[in-house]
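Have a look at the structure below before the remarks.
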Amino acid sequence: MENKFDYSKSDLVLFDQTINDYGWIVYENALPVDIIDQINDDLAPAYSLRRQIQVANGISASMDGTLHHLVESENFSLRFLEQQCCDEQMKRFLGGNYILNSMGAVINVKNAQPYVQNVHRDIRSFTGDLKLMVQMMVLLDDFTLDNGATHMLSRSHLRDVKPDNTYFYEHADRLLAKKGSVVLFDANLWHAAGKNNTDFPRRTLTMAFTRPFFKQQLDYPRMLGYEFGEGLSKDLRQVLGYNSRVPADLEEYYQPVERRMYQPGQG
């Protein structure tokens, strides 16, 4: 399947053709090793914290190895987002500026049965030609047949039909790629994490990016703090959602354009 490319040689025409035809595209050599290593180092304590909450709230059964909402001021997240990885491709797909909807990760280990191994798509409603969300995966380990490379049902983003499991696993391609690769895919695409049969974790960063009017899964500007956002770069403020906030009272609503919560150019 011709949907794997060297990131340094990527072009937007090829991106359009590939993601429209297959629903997903792989860019190899997309991120430097030191960023990948920092992400992997940060995942262990991040998972420990989230696992404690999952267990305490009685929802741990299907969440083995899943981490949600990794945006924090002191970990890898802001450094990664500042790389603007695949920025032009996502602007192309979404028709302009975009924001981060969610940032999570999966640590896929032997004998685990997390919900991400179920056949699913990452947007609840089929949106067809209206592109509201694009998914990104950053491969933190090599993806192989043995360690649970993701099943991707190519072209399934074109129809609002959930495949049954038999059809899905007979026709899905496997996402076989090297550590440091970045995968973009249409949120309408049906996919499922594979089962890891090795003794080593298979890790990936998982993100969703949307048009700015789409509600974030977690209010990152409010979580990080409005004052914290004043020290961020223009591009980072955009992707974290600082330019597409919702006013909480009349004082915040009645402001000159340059100080409004929802800035121009957000779609």
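In the structure tokens, the first chain shown is A, the next is B, and so on; residue numbers restart at 1 for each chain, and ligands run from 1 in the order shown.
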Within 12 Å of A:Asn40, counting only C-alpha atoms, which residues qualify if same-chain residues fewer than 2 places away don't, as JSON, numbers by chain?
{"A": [33, 34, 35, 36, 37, 38, 42, 43, 44, 45, 46, 47, 75, 76, 77, 105, 106, 107, 138, 139, 140, 141, 179, 180, 201, 202, 203, 204, 205]}
Just list the residues in stretch 178-251 of chain A DSSP gives helix (DSSP H, G or I) on the backbone, as a short mmCIF file (atom, residue, chain, number, x, y, z; two decimals) with C-alpha atoms, in the first residue's frame.
data_model
loop_
_atom_site.label_atom_id
_atom_site.label_comp_id
_atom_site.auth_asym_id
_atom_site.auth_seq_id
_atom_site.Cartn_x
_atom_site.Cartn_y
_atom_site.Cartn_z
CA TYR A 220 -6.77 23.08 28.34
CA PRO A 221 -6.59 26.90 28.63
CA ARG A 222 -8.57 26.87 31.89
CA MET A 223 -6.56 23.91 33.21
CA LEU A 224 -3.19 25.49 32.43
CA TYR A 226 -5.13 32.08 31.38
CA GLU A 227 -2.07 33.86 32.79
CA PHE A 228 0.12 30.87 31.87
CA GLY A 229 -1.09 31.22 28.29
CA LYS A 234 1.40 32.55 19.19
CA ASP A 235 1.28 29.10 17.56
CA LEU A 236 1.06 27.25 20.87
CA ARG A 237 -1.75 29.51 22.09
CA GLN A 238 -3.63 28.67 18.90
CA VAL A 239 -3.32 24.89 19.11
CA LEU A 240 -4.09 24.72 22.84
CA LEU A 250 -20.69 39.65 30.37
CA GLU A 251 -17.38 41.25 31.38
#
Practice prompt. Find the residues around A:Tyr262 up to 8 Å (only C-alpha atoms counted), leave out those fewer than 6 positions away in its own chain, and share them as a list in words.
Written response: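 These residues fall inside the cut-off: Asn243, Ser244, Arg245 and Val246 of chain A.
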Would you kindly return, as a CSV table (one decimal) with all heavy atoms, in the first residue's frame, each protein, DNA or RNA residue with an atom no farther than 9 Å from any atom of A:Arg260, considering only C-alpha atoms and excluding same-chain residues fewer than 4 positions away?
chain,number,residue,atom,x,y,z
A,243,ASN,N,-7.3,30.8,21.7
A,243,ASN,CA,-7.9,31.7,20.8
A,243,ASN,C,-9.4,31.4,20.5
A,243,ASN,O,-10.0,32.1,19.7
A,243,ASN,CB,-7.2,31.8,19.4
A,243,ASN,CG,-5.8,32.4,19.6
A,243,ASN,OD1,-5.5,33.1,20.6
A,243,ASN,ND2,-4.9,32.1,18.7
A,245,ARG,N,-11.8,30.3,23.2
A,245,ARG,CA,-12.5,30.1,24.4
A,245,ARG,C,-13.9,30.6,24.5
A,245,ARG,O,-14.3,31.4,23.6
A,245,ARG,CB,-11.7,30.8,25.6
A,245,ARG,CG,-10.3,30.2,25.8
A,245,ARG,CD,-9.5,31.0,26.8
A,245,ARG,NE,-9.0,32.2,26.2
A,245,ARG,CZ,-8.4,33.2,26.8
A,245,ARG,NH1,-8.4,33.2,28.1
A,245,ARG,NH2,-8.0,34.3,26.2
A,247,PRO,N,-16.6,32.8,26.6
A,247,PRO,CA,-16.8,33.8,27.7
A,247,PRO,C,-17.7,33.2,28.8
A,247,PRO,O,-18.6,32.5,28.6
A,247,PRO,CB,-17.4,35.0,27.1
A,247,PRO,CG,-17.2,34.9,25.6
A,247,PRO,CD,-17.1,33.4,25.3
A,252,GLU,N,-16.4,39.3,30.3
A,252,GLU,CA,-15.5,38.7,29.4
A,252,GLU,C,-16.0,38.8,27.9
A,252,GLU,O,-15.3,38.8,27.0
A,252,GLU,CB,-15.3,37.2,29.7
A,252,GLU,CG,-14.4,36.9,30.9
A,252,GLU,CD,-14.2,35.5,31.2
A,252,GLU,OE1,-14.9,34.6,30.6
A,252,GLU,OE2,-13.3,35.2,32.0
A,253,TYR,N,-17.4,38.9,27.8
A,253,TYR,CA,-18.0,38.9,26.5
A,253,TYR,C,-17.8,40.3,25.8
A,253,TYR,O,-17.4,40.4,24.7
A,253,TYR,CB,-19.5,38.6,26.6
A,253,TYR,CG,-20.2,38.7,25.3
A,253,TYR,CD1,-20.1,37.6,24.4
A,253,TYR,CD2,-20.9,39.8,24.9
A,253,TYR,CE1,-20.8,37.6,23.2
A,253,TYR,CE2,-21.5,39.8,23.6
A,253,TYR,CZ,-21.5,38.7,22.8
A,253,TYR,OH,-22.1,38.8,21.6
A,254,TYR,N,-18.0,41.4,26.6
A,254,TYR,CA,-17.9,42.7,26.0
A,254,TYR,C,-16.5,43.2,26.1
A,254,TYR,O,-16.1,43.9,27.0
A,254,TYR,CB,-18.8,43.7,26.8
A,254,TYR,CG,-20.3,43.5,26.5
A,254,TYR,CD1,-21.2,43.1,27.5
A,254,TYR,CD2,-20.8,43.6,25.2
A,254,TYR,CE1,-22.5,42.9,27.3
A,254,TYR,CE2,-22.1,43.4,25.0
A,254,TYR,CZ,-23.0,43.1,26.0
A,254,TYR,OH,-24.3,42.9,25.7
A,255,GLN,N,-15.7,42.8,25.1
A,255,GLN,CA,-14.3,43.2,25.1
A,255,GLN,C,-13.9,43.7,23.6
A,255,GLN,O,-14.5,43.2,22.7
A,255,GLN,CB,-13.4,42.0,25.4
A,255,GLN,CG,-13.4,41.6,26.9
A,255,GLN,CD,-12.8,42.6,27.8
A,255,GLN,OE1,-11.9,43.4,27.5
A,255,GLN,NE2,-13.2,42.6,29.1
A,256,PRO,N,-12.9,44.5,23.5
A,256,PRO,CA,-12.4,44.9,22.2
A,256,PRO,C,-11.9,43.6,21.5
A,256,PRO,O,-11.5,42.6,22.1
A,256,PRO,CB,-11.3,45.9,22.4
A,256,PRO,CG,-10.9,45.7,23.8
A,256,PRO,CD,-12.1,45.2,24.5
A,264,PRO,N,-10.7,36.3,16.0
A,264,PRO,CA,-11.0,36.1,14.5
A,264,PRO,C,-10.1,35.0,13.9
A,264,PRO,O,-9.0,34.7,14.5
A,264,PRO,CB,-10.6,37.5,13.9
A,264,PRO,CG,-10.7,38.4,15.1
A,264,PRO,CD,-10.2,37.6,16.3
Note to self: Give me, as a PyMOL selection string, all polymer residues having an atom no more than 12 Å from stretch 63-66 of chain A, counting only C-alpha atoms and skipping those fewer than 4 positions away in the same chain.
What the structure shows: chain A and resi 43-44+46-55+57-59+70+103-118+193+196+201-206
Kindly save the residues from that selection, with N, CA, C and O atoms included, as a short mmCIF file (atom, residue, chain, number, x, y, z; two decimals), in the first residue's frame.
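Result file is selection_24.cif:
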data_model
loop_
_atom_site.label_atom_id
_atom_site.label_comp_id
_atom_site.auth_asym_id
_atom_site.auth_seq_id
_atom_site.Cartn_x
_atom_site.Cartn_y
_atom_site.Cartn_z
N LEU A 43 5.90 8.98 30.30
CA LEU A 43 4.68 8.18 30.31
C LEU A 43 4.53 7.34 31.58
O LEU A 43 3.41 7.14 32.06
N ALA A 44 5.65 6.83 32.12
CA ALA A 44 5.56 5.94 33.28
C ALA A 44 4.90 6.63 34.48
O ALA A 44 3.89 6.12 35.02
N ALA A 46 3.11 9.35 34.45
CA ALA A 46 1.80 9.83 34.02
C ALA A 46 0.77 8.70 34.09
O ALA A 46 -0.37 8.91 34.52
N TYR A 47 1.18 7.50 33.70
CA TYR A 47 0.26 6.36 33.74
C TYR A 47 -0.05 5.97 35.19
O TYR A 47 -1.20 5.67 35.53
N SER A 48 0.96 6.01 36.04
CA SER A 48 0.75 5.66 37.45
C SER A 48 -0.31 6.55 38.08
O SER A 48 -1.21 6.06 38.79
N LEU A 49 -0.24 7.85 37.83
CA LEU A 49 -1.21 8.80 38.36
C LEU A 49 -2.61 8.50 37.83
O LEU A 49 -3.59 8.42 38.60
N ARG A 50 -2.73 8.32 36.52
CA ARG A 50 -4.05 8.10 35.93
C ARG A 50 -4.63 6.75 36.31
O ARG A 50 -5.85 6.62 36.48
N ARG A 51 -3.76 5.76 36.46
CA ARG A 51 -4.25 4.43 36.83
C ARG A 51 -4.85 4.45 38.23
O ARG A 51 -5.87 3.80 38.49
N GLN A 52 -4.24 5.20 39.13
CA GLN A 52 -4.78 5.30 40.48
C GLN A 52 -6.20 5.86 40.45
O GLN A 52 -7.09 5.39 41.17
N ILE A 53 -6.43 6.86 39.61
CA ILE A 53 -7.76 7.49 39.52
C ILE A 53 -8.75 6.53 38.87
O ILE A 53 -9.90 6.40 39.32
N GLN A 54 -8.31 5.83 37.82
CA GLN A 54 -9.18 4.85 37.16
C GLN A 54 -9.65 3.78 38.14
O GLN A 54 -10.83 3.44 38.21
N VAL A 55 -8.70 3.26 38.92
CA VAL A 55 -9.02 2.21 39.90
C VAL A 55 -9.95 2.76 40.98
O VAL A 55 -10.95 2.13 41.35
N ASN A 57 -12.05 5.12 40.88
CA ASN A 57 -13.38 5.43 40.38
C ASN A 57 -14.09 4.23 39.76
O ASN A 57 -15.16 4.37 39.16
N GLY A 58 -13.48 3.04 39.86
CA GLY A 58 -14.13 1.83 39.42
C GLY A 58 -14.25 1.65 37.92
O GLY A 58 -15.16 0.97 37.44
N ILE A 59 -13.33 2.25 37.14
CA ILE A 59 -13.42 2.15 35.68
C ILE A 59 -12.15 1.57 35.08
O ILE A 59 -11.84 1.80 33.90
N LEU A 70 -2.76 14.42 28.54
CA LEU A 70 -1.36 14.52 28.95
C LEU A 70 -0.80 15.94 28.87
O LEU A 70 0.40 16.12 29.10
N MET A 103 -5.14 14.85 23.96
CA MET A 103 -3.82 14.24 23.85
C MET A 103 -3.72 13.12 24.87
O MET A 103 -3.83 13.34 26.07
N GLY A 104 -3.54 11.91 24.38
CA GLY A 104 -3.42 10.76 25.26
C GLY A 104 -2.32 9.83 24.79
O GLY A 104 -1.49 10.20 23.95
N ALA A 105 -2.31 8.63 25.33
CA ALA A 105 -1.31 7.63 24.93
C ALA A 105 -1.85 6.25 25.25
O ALA A 105 -2.78 6.10 26.04
N VAL A 106 -1.25 5.26 24.60
CA VAL A 106 -1.57 3.87 24.87
C VAL A 106 -0.27 3.11 25.10
O VAL A 106 0.66 3.21 24.28
N ILE A 107 -0.19 2.40 26.22
CA ILE A 107 0.92 1.49 26.49
C ILE A 107 0.35 0.08 26.36
O ILE A 107 -0.30 -0.44 27.27
N ASN A 108 0.56 -0.51 25.20
CA ASN A 108 -0.03 -1.81 24.87
C ASN A 108 0.91 -2.92 25.35
O ASN A 108 2.04 -3.02 24.88
N VAL A 109 0.45 -3.71 26.30
CA VAL A 109 1.29 -4.77 26.86
C VAL A 109 0.61 -6.13 26.71
O VAL A 109 -0.58 -6.23 26.44
N LYS A 110 1.37 -7.16 26.91
CA LYS A 110 0.89 -8.54 26.75
C LYS A 110 -0.28 -8.82 27.70
O LYS A 110 -0.26 -8.42 28.86
N ASN A 111 -1.29 -9.49 27.17
CA ASN A 111 -2.48 -9.93 27.92
C ASN A 111 -3.42 -8.81 28.33
O ASN A 111 -4.41 -9.06 29.01
N ALA A 112 -3.14 -7.59 27.94
CA ALA A 112 -4.05 -6.48 28.26
C ALA A 112 -5.23 -6.50 27.30
O ALA A 112 -5.12 -6.95 26.16
N GLN A 113 -6.37 -5.98 27.77
CA GLN A 113 -7.58 -5.92 26.93
C GLN A 113 -8.25 -4.55 27.05
O GLN A 113 -9.40 -4.43 27.48
N PRO A 114 -7.55 -3.49 26.68
CA PRO A 114 -8.13 -2.15 26.77
C PRO A 114 -9.20 -1.95 25.70
O PRO A 114 -9.25 -2.66 24.70
N TYR A 115 -10.05 -0.95 25.93
CA TYR A 115 -11.14 -0.69 25.00
C TYR A 115 -10.65 -0.32 23.61
O TYR A 115 -11.39 -0.50 22.62
N VAL A 116 -9.42 0.17 23.48
CA VAL A 116 -8.91 0.57 22.16
C VAL A 116 -8.67 -0.64 21.25
O VAL A 116 -8.43 -0.47 20.06
N GLN A 117 -8.74 -1.86 21.80
CA GLN A 117 -8.65 -3.05 20.96
C GLN A 117 -9.99 -3.40 20.31
O GLN A 117 -10.05 -4.28 19.46
N ASN A 118 -11.05 -2.70 20.69
CA ASN A 118 -12.34 -2.87 20.02
C ASN A 118 -12.34 -2.09 18.71
O ASN A 118 -11.70 -1.04 18.60
N ALA A 193 -6.63 -1.28 17.93
CA ALA A 193 -5.29 -1.66 18.36
C ALA A 193 -5.15 -3.18 18.29
O ALA A 193 -6.12 -3.92 18.54
N ASN A 196 -0.71 -7.36 21.74
CA ASN A 196 0.74 -7.47 21.91
C ASN A 196 1.08 -8.86 22.44
O ASN A 196 0.70 -9.22 23.56
N PRO A 201 6.56 -3.45 25.97
CA PRO A 201 5.43 -2.56 25.67
C PRO A 201 5.51 -2.00 24.26
O PRO A 201 6.59 -1.82 23.70
N ARG A 202 4.34 -1.76 23.68
CA ARG A 202 4.24 -1.06 22.39
C ARG A 202 3.49 0.23 22.67
O ARG A 202 2.30 0.23 22.95
N ARG A 203 4.20 1.34 22.62
CA ARG A 203 3.68 2.62 23.08
C ARG A 203 3.39 3.56 21.90
O ARG A 203 4.12 3.58 20.92
N THR A 204 2.37 4.37 22.08
CA THR A 204 2.04 5.37 21.07
C THR A 204 1.35 6.57 21.72
O THR A 204 0.59 6.41 22.68
N LEU A 205 1.63 7.73 21.20
CA LEU A 205 0.93 8.95 21.59
C LEU A 205 -0.26 9.10 20.66
O LEU A 205 -0.15 8.89 19.45
N THR A 206 -1.42 9.43 21.21
CA THR A 206 -2.64 9.55 20.41
C THR A 206 -3.26 10.92 20.61
O THR A 206 -3.44 11.36 21.74
#
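Using only C-alpha atoms, the contacts of A:Phe213 at a cut-off of 12 Å, with sequence neighbours closer than 6 positions omitted, comprise Leu94, Gly96, Asn97, Tyr98, Ile99, Leu100, Asn101, Leu132, Met133, Gly241, Tyr242, Asn243, Ser244, Arg245, Val246, Tyr262, Gln263, Pro264, Gly265, Gln266 and Gly267 of chain A.
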Gap from atom CA of A:Leu232 to atom CA of A:Phe93 - Å, one decimal =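 Spanning atom CA of A:Leu232 to atom CA of A:Phe93 is a straight-line distance of 25.2 Å.
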Problem - Those of stretch 91-223 of chain A in DSSP strand (DSSP E or B), formatted as a VMD selection string - result: chain A and resid 99 to 108 120 133 to 139 143 151 to 152 173 to 174 177 182 to 186 191 to 192 202 to 210
Quote the spacing between atom CA of A:Asn197 and atom CA of A:Asp6 in Å to one decimal place.
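Interatomic distance, atom CA of A:Asn197 to atom CA of A:Asp6: 28.6 Å.
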- Query: Near A:Leu176, counting only C-alpha atoms, which residues have an atom at most 9 Å away, once you skip same-chain residues fewer than 6 positions from it, shown as a list in words?
  - Reply: Asp142, Phe143, Thr144, Leu145, Ala149 and Thr150 of chain A
Nearest to A:Gly148, restricted to only C-alpha atoms and choosing among A:Phe185, A:Trp190, A:Phe126, A:Phe200, comes out as A:Phe200
Taking only C-alpha atoms into account, name the residue in A:Arg92, A:His171, A:His68, A:His157 that is nearest to A:Asp21.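 Selected residue with least distance to A:Asp21: A:His157.
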One decimal place gives the atom CA of A:Arg121-atom CA of A:Ser60 separation as 21.3 Å
